[in-house]
$ cat run.cif   # mmCIF, C-alpha atoms
data_run
#
loop_
_atom_site.label_atom_id
_atom_site.label_comp_id
_atom_site.auth_asym_id
_atom_site.auth_seq_id
_atom_site.Cartn_x
_atom_site.Cartn_y
_atom_site.Cartn_z
CA MET A 8 32.71 140.45 82.41
CA ARG A 9 34.17 143.93 82.91
CA THR A 10 37.85 144.52 82.32
CA GLU A 11 40.25 146.22 84.72
CA LEU A 12 40.50 149.09 82.22
CA GLU A 13 36.72 149.55 82.30
CA HIS A 14 36.81 149.66 86.12
CA ALA A 15 39.60 152.25 85.99
CA ARG A 16 37.64 154.34 83.48
CA ASP A 17 34.47 154.27 85.60
CA ARG A 18 36.35 155.23 88.75
CA ALA A 19 38.31 157.99 87.02
CA GLU A 20 35.20 159.44 85.36
CA ALA A 21 33.53 159.61 88.78
CA MET A 22 36.48 161.73 89.98
CA ILE A 23 36.35 164.35 87.19
CA GLY A 24 36.26 167.83 88.72
CA THR A 25 36.99 166.63 92.27
CA ARG A 26 39.70 168.75 93.92
CA GLU A 27 42.24 166.96 96.09
CA THR A 28 45.05 168.62 98.05
CA ARG A 29 48.32 167.47 99.55
CA GLU A 30 50.70 169.34 101.82
CA LEU A 31 54.27 169.21 100.53
CA GLY A 32 55.89 170.85 103.54
CA THR A 33 58.10 173.91 103.77
CA VAL A 34 60.43 174.78 100.92
CA ARG A 35 63.95 174.40 102.29
CA PRO A 36 67.23 175.23 100.56
CA ALA A 37 68.80 171.80 101.25
CA GLU A 38 66.18 169.85 99.28
CA SER A 39 66.16 172.37 96.45
CA VAL A 40 69.96 172.21 96.16
CA ALA A 41 69.88 168.39 96.23
CA PHE A 42 67.36 168.45 93.38
CA ALA A 43 69.51 170.88 91.37
CA VAL A 44 72.58 168.67 91.87
CA ALA A 45 70.63 165.55 90.84
CA THR A 46 69.53 167.25 87.61
CA ALA A 47 73.12 168.29 86.76
CA GLU A 48 72.25 171.97 87.12
CA THR A 49 75.27 174.25 86.76
CA ASP A 50 73.78 177.67 87.59
CA PRO A 51 75.16 178.72 91.00
CA ARG A 52 71.88 180.50 91.86
CA PHE A 53 70.30 177.06 92.31
CA LEU A 54 73.31 175.35 93.92
CA ASP A 55 74.58 177.72 96.61
CA PRO A 56 72.20 178.93 99.34
CA GLU A 57 74.73 181.67 100.14
CA HIS A 58 74.58 183.05 96.58
CA PRO A 59 73.05 186.56 96.65
CA ALA A 60 70.48 185.54 94.02
CA PHE A 61 69.78 182.04 95.43
CA ALA A 62 66.47 180.66 94.20
CA VAL A 63 64.56 177.42 94.34
CA HIS A 64 65.08 175.47 91.12
CA PRO A 65 61.88 176.10 89.11
CA MET A 66 61.30 172.38 88.43
CA TYR A 67 61.87 171.28 92.04
CA LEU A 68 58.37 171.71 93.42
CA PRO A 69 56.46 170.51 90.34
CA SER A 70 58.57 167.34 90.63
CA LEU A 71 57.49 166.59 94.20
CA LEU A 72 54.87 163.93 94.82
CA ARG A 73 55.22 163.91 98.61
CA GLY A 74 56.75 166.17 101.25
CA PRO A 75 60.23 165.69 102.71
CA GLN A 76 59.05 162.74 104.82
CA GLY A 77 58.45 160.73 101.63
CA GLY A 78 55.93 157.93 101.38
CA SER A 79 55.37 154.78 103.37
CA ASP A 80 55.62 151.32 101.78
CA ARG A 81 51.83 150.93 101.69
CA GLU A 82 51.53 154.05 99.51
CA TYR A 83 53.34 152.42 96.56
CA ARG A 84 52.07 150.20 93.77
CA ALA A 85 54.10 147.14 92.78
CA ASP A 86 55.49 149.14 89.81
CA GLY A 87 56.90 151.82 92.14
CA MET A 88 54.34 154.57 91.48
CA PHE A 89 52.29 156.05 94.28
CA ARG A 90 48.92 154.32 94.54
CA ASP A 91 47.02 157.61 94.30
CA GLU A 92 49.13 159.34 91.62
CA VAL A 93 46.88 158.36 88.69
CA PRO A 94 43.23 158.98 89.58
CA GLY A 95 40.92 155.96 89.50
CA THR A 96 43.64 153.31 89.30
CA ASP A 97 44.40 152.49 92.94
CA GLY A 98 44.16 148.74 93.48
CA ILE A 99 43.39 147.98 89.83
CA ASP A 100 45.79 145.87 87.77
CA VAL A 101 46.50 148.32 84.94
CA ARG A 102 49.75 149.59 83.42
CA LEU A 103 50.51 153.27 83.87
CA MET A 104 52.71 155.56 81.80
CA ALA A 105 53.43 159.26 81.76
CA GLY A 106 51.88 160.89 78.72
CA GLY A 107 53.44 164.35 78.86
CA GLN A 108 53.59 167.40 81.07
CA SER A 109 53.18 171.14 80.57
CA VAL A 110 54.40 173.53 83.29
CA THR A 111 53.39 177.18 83.57
CA PHE A 112 55.43 179.21 86.05
CA LEU A 113 53.48 182.09 87.56
CA ARG A 114 56.19 183.37 89.93
CA PRO A 115 59.34 182.03 91.61
CA ALA A 116 58.80 179.18 94.06
CA PRO A 117 58.57 180.52 97.63
CA LEU A 118 61.55 179.73 99.85
CA GLY A 119 60.63 179.09 103.48
CA GLU A 120 56.89 178.79 102.86
CA ALA A 121 54.61 175.83 103.34
CA VAL A 122 53.41 174.55 99.96
CA VAL A 123 50.17 172.80 99.06
CA VAL A 124 49.43 171.18 95.72
CA GLY A 125 45.84 170.95 94.52
CA ARG A 126 44.90 168.40 91.88
CA VAL A 127 41.85 168.10 89.64
CA LEU A 128 41.18 165.36 87.10
CA ASP A 129 39.99 167.26 84.04
CA THR A 130 39.27 164.60 81.42
CA VAL A 131 39.19 160.86 80.82
CA THR A 132 39.31 159.85 77.17
CA THR A 133 39.21 156.33 75.75
CA LYS A 134 41.59 155.89 72.82
CA GLY A 135 42.23 153.04 70.39
CA ARG A 136 40.05 150.01 69.71
CA ALA A 137 39.59 146.74 71.55
CA PRO A 138 41.73 144.88 72.39
CA ASP A 139 44.21 147.79 72.22
CA GLU A 140 42.19 150.42 74.06
CA PHE A 141 43.78 152.75 76.58
CA LEU A 142 42.74 155.72 78.66
CA LEU A 143 44.25 159.18 78.47
CA LEU A 144 43.76 161.14 81.69
CA SER A 145 44.46 164.86 81.97
CA VAL A 146 45.20 166.22 85.45
CA THR A 147 45.83 169.84 86.46
CA LYS A 148 47.96 170.51 89.53
CA THR A 149 48.25 173.96 91.10
CA TYR A 150 51.13 174.68 93.50
CA ARG A 151 50.47 177.36 96.15
CA GLY A 152 52.63 178.95 98.80
CA ALA A 153 50.96 179.67 102.15
CA GLN A 154 51.62 183.41 101.85
CA SER A 155 52.53 183.95 98.19
CA GLY A 156 49.66 182.11 96.50
CA SER A 157 49.85 180.17 93.24
CA PHE A 158 53.28 179.90 91.67
CA ALA A 159 53.02 177.03 89.18
CA GLU A 160 50.40 175.11 87.25
CA VAL A 161 51.15 171.70 85.80
CA VAL A 162 48.98 169.80 83.32
CA GLU A 163 49.91 166.13 83.24
CA LYS A 164 48.72 163.39 80.94
CA PHE A 165 48.66 159.75 82.04
CA ILE A 166 48.19 156.70 79.85
CA VAL A 167 46.35 153.80 81.46
CA ARG A 168 46.41 150.41 79.70
#
$ encode --input "run.cif" --output "structure tokens"
Amino acid sequence: MRTELEHARDRAEAMIGTRETRELGTVRPAESVAFAVATAETDPRFLDPEHPAFAVHPMYLPSLLRGPQGGSDREYRADGMFRDEVPGTDGIDVRLMAGGQSVTFLRPAPLGEAVVVGRVLDTVTTKGRAPDEFLLLSVTKTYRGAQSGSFAEVVEKFIVR
């Protein structure tokens, strides 16, 4: 009998190299400021849209999983994560954990532009030994402004148990 982890591995491996995209909406000052406040930012450039050097907080967009409309109830797993956030795991009873993140900023995030994030599952690696096996998934996300092009690349690791 196959385990849930084996099902997750098979599904994730079938997704390696597949590019998925999601529209995150237009970058608006109000949401960026709310993010900066929530992260206890103190730099006025990220807190005051009237500041002459106002800028979108660099971590705001790489932190978004959905656009300003948010997600519907059916998009969430019982543990609160989005069903499609970790490739290959939707509908499978596995535990998910963040395994690290690396962010490369290419240019400032574009204020007033529509943003799209593209995602590619790069690798699926089985770690440990039975019965303590787990999967380590590596996902690359590229954030692009409609006019300005790519402005951030994020490599995320997910642990699936």
$ closest_atom_pairs --input "run.cif" --of "segment 95-146 of chain A" --to "segment 25-32 of chain A" --cutoff "6 Å" --atoms "all atoms listed in the file" --output "JSON lines"
{"residue": "A:Ala121", "atom": "CA", "partner": "A:Gly32", "partner_atom": "CA", "distance": 5.1}
{"residue": "A:Val122", "atom": "CA", "partner": "A:Leu31", "partner_atom": "CA", "distance": 5.4}
{"residue": "A:Val123", "atom": "CA", "partner": "A:Glu30", "partner_atom": "CA", "distance": 4.5}
{"residue": "A:Val124", "atom": "CA", "partner": "A:Arg29", "partner_atom": "CA", "distance": 5.4}
{"residue": "A:Gly125", "atom": "CA", "partner": "A:Thr28", "partner_atom": "CA", "distance": 4.3}
{"residue": "A:Arg126", "atom": "CA", "partner": "A:Glu27", "partner_atom": "CA", "distance": 5.2}
{"residue": "A:Val127", "atom": "CA", "partner": "A:Arg26", "partner_atom": "CA", "distance": 4.8}
$ closest_residue --input "run.cif" --among "A:Gly152, A:Val167, A:Val40, A:Phe158" --to "Gly135 of chain A" --atoms "only C-alpha atoms"
A:Val167
$ resolve_selection --input "run.cif" --expression "the PyMOL selection byres ((chain A and resi 23) around 9)" --output "JSON, numbers by chain"
{"A": [19, 20, 21, 22, 24, 25, 26, 127, 128, 129, 130, 131]}
$ residues_around --input "run.cif" --residues "Pro65 of chain A" --least-positions-apart "2" --cutoff "9 Å" --atoms "only C-alpha atoms" --output "tab-separated table (two decimals) with C-alpha atoms, keeping the file's coordinate frame"
chain	number	residue	atom	x	y	z
A	62	ALA	CA	66.47	180.66	94.20
A	63	VAL	CA	64.56	177.42	94.34
A	67	TYR	CA	61.87	171.28	92.04
A	68	LEU	CA	58.37	171.71	93.42
A	69	PRO	CA	56.46	170.51	90.34
A	112	PHE	CA	55.43	179.21	86.05
A	115	PRO	CA	59.34	182.03	91.61
A	116	ALA	CA	58.80	179.18	94.06
A	159	ALA	CA	53.02	177.03	89.18
$ residues_around --input "run.cif" --residues "Met88 of chain A" --least-positions-apart "2" --cutoff "12 Å" --atoms "all atoms listed in the file" --output "list in words"
Leu72, Arg73, Gly78, Ser79, Asp80, Arg81, Glu82, Tyr83, Arg84, Ala85, Asp86, Arg90, Asp91, Glu92, Val93, Thr96, Asp97, Gly98, Val101, Arg102, Leu103, Met104 and Ala105 of chain A
$ closest_residue --input "run.cif" --among "A:Gly74, A:Lys164, A:Glu140, A:Thr133" --to "Ser109 of chain A" --atoms "only C-alpha atoms"
A:Lys164
$ closest_residue --input "run.cif" --among "A:Ile99, A:Ala37, A:Val161, A:Ala43" --to "Glu57 of chain A" --atoms "all atoms listed in the file"
A:Ala37
$ atom_distance --input "run.cif" --atom1 "atom CA of Glu38 of chain A" --atom2 "atom CA of Ser157 of chain A"
20.2 Å
$ resolve_selection --input "run.cif" --expression "the PyMOL selection byres ((chain A and resi 144) around 7)" --output "number ranges by chain"
A: 130-132, 142-143, 145-146, 164-166
$ resolve_selection --input "run.cif" --expression "the PyMOL selection byres ((chain A and resi 11) around 10)" --output "NGL selection string"
:A and (8-10 or 12-17 or 96 or 98-101 or 168)
$ atom_distance --input "run.cif" --atom1 "atom CA of Val162 of chain A" --atom2 "atom CA of Ser39 of chain A"
21.8 Å
$ residues_around --input "run.cif" --residues "Phe61 of chain A" --least-positions-apart "6" --cutoff "9 Å" --atoms "all atoms listed in the file" --output "list of chain:residue names"
A:Pro36, A:Pro51, A:Arg52, A:Phe53, A:Leu54, A:Asp55
$ atom_distance --input "run.cif" --atom1 "atom CA of Tyr150 of chain A" --atom2 "atom CA of Ala41 of chain A"
20.0 Å
